[in-house]
Structures are given as C-alpha cells and as structure tokens.
Amino acid sequence: MTMQYARARQYQEVEFATADRGRILLAMYDGGLRFLTGAKVALEAGDYDAFGHNLGRTQAIVAELLHTLDHEVGGEIAANLDRLYRFLLEHLIEANLQKSARHVVDAQRILGIVADGYRQILAQGLPAELMGNRSAA
C-alpha cells in the first residue's frame, strides 16, 4: 500500500466516522449503485468473479440498509422500505444465479429511485429519520 493511498484511506475513514446520518445513508445508496455498475460492466466483460464480488458488496449494503430501519419511528415508510430492500436482495440473488444483466439494471433503477428520493429529502433539510433508518454507523 502506498503512502498516498494510506493517507487517502485514512481521510475517508475520518470523514465517514464524523459524517451525519443523512450523509452516511446517502453514501450507502451511492456505494450500492457504484457496485451495481461494476457488476454490470463485469458481466458484460464475462468476468464472473468480479460480477459476483460487486453483487455481494451491493447485497451487503442493502442488507445493512434493511437492518438499520427503525419501524417505530419510520412507520409505513420503514415498512415499505423493508419490503423493497427484501425484494432487492432476492433480485440480486436471481441476478447472480442467472448471470442476468436485466436483474442488475432493475436493481439499479430501483435503488436509484430510492437514492434520488433521499437526496430530495436531504436537500429540503428534512430529518434523515424520515426514511425510517437508525444510524448506519
């Protein structure tokens, strides 16, 4: 590991550790979308190891989003996100089993819609709890 890489990594860790809940959740959504893009590119290239790796990373993010839901605070929104995240997890499993670009694109579209909605919530200055999530850190 180069010194420059180590410093960049350390900066990212500090930035993440000090970020507010809204920025952390947005980073998770963006990370999921980035890994889905990586999965799609890997599948198109026939690199099934990278495809599986990127899907696994996305699944880990979606699972964490699912487990941070606070149903008491989030009510109906949290319940709807729970169903959506579970659907995404099942869809990603199917993507992996079938080596299906269509499943990956579907997951990108769905996660993108949720991420865009969350961006709008943050842009309006509404509390992160509106999405029904506890702290993801």
# chains A, B, ... in the order shown; residues from 1 in each chain; ligands from 1

call {"tool": "residues_around", "arguments": {"residues": "Ala63 (chain A)", "least_positions_apart": "2", "cutoff": "10 Å", "atoms": "only C-alpha atoms", "output": "MDAnalysis selection string"}}
result
chainID A and resid 57:61 65:68 82 85:86 88:89

call {"tool": "closest_residue", "arguments": {"among": "A:Ala79, A:Ile24, A:Leu43, A:Val114", "to": "Arg102 (chain A)", "atoms": "only C-alpha atoms"}}
result
A:Leu43

call {"tool": "atom_distance", "arguments": {"atom1": "CA of Leu25 (chain A)", "atom2": "CA of Arg119 (chain A)"}}
result
9.9 Å

call {"tool": "closest_residue", "arguments": {"among": "A:Asn80, A:Glu44, A:Glu64, A:Asn96", "to": "Tyr29 (chain A)", "atoms": "only C-alpha atoms"}}
result
A:Glu64

call {"tool": "closest_residue", "arguments": {"among": "A:Val73, A:Leu122, A:Lys99, A:Arg109", "to": "Asp49 (chain A)", "atoms": "only C-alpha atoms"}}
result
A:Lys99

call {"tool": "residues_around", "arguments": {"residues": "Leu36 (chain A)", "least_positions_apart": "5", "cutoff": "9 Å", "atoms": "only C-alpha atoms", "output": "ChimeraX atom specification"}}
result
/A:31,41,51,54-55,57-58,104-105,107-108

call {"tool": "atom_distance", "arguments": {"atom1": "CA of His71 (chain A)", "atom2": "CA of Arg21 (chain A)"}}
result
16.7 Å

call {"tool": "closest_residue", "arguments": {"among": "A:Gly22, A:Gly74, A:Gly56, A:Gly125", "to": "Ile93 (chain A)", "atoms": "only C-alpha atoms"}}
result
A:Gly56

call {"tool": "atom_distance", "arguments": {"atom1": "CA of Phe87 (chain A)", "atom2": "CA of Ala27 (chain A)"}}
result
20.8 Å
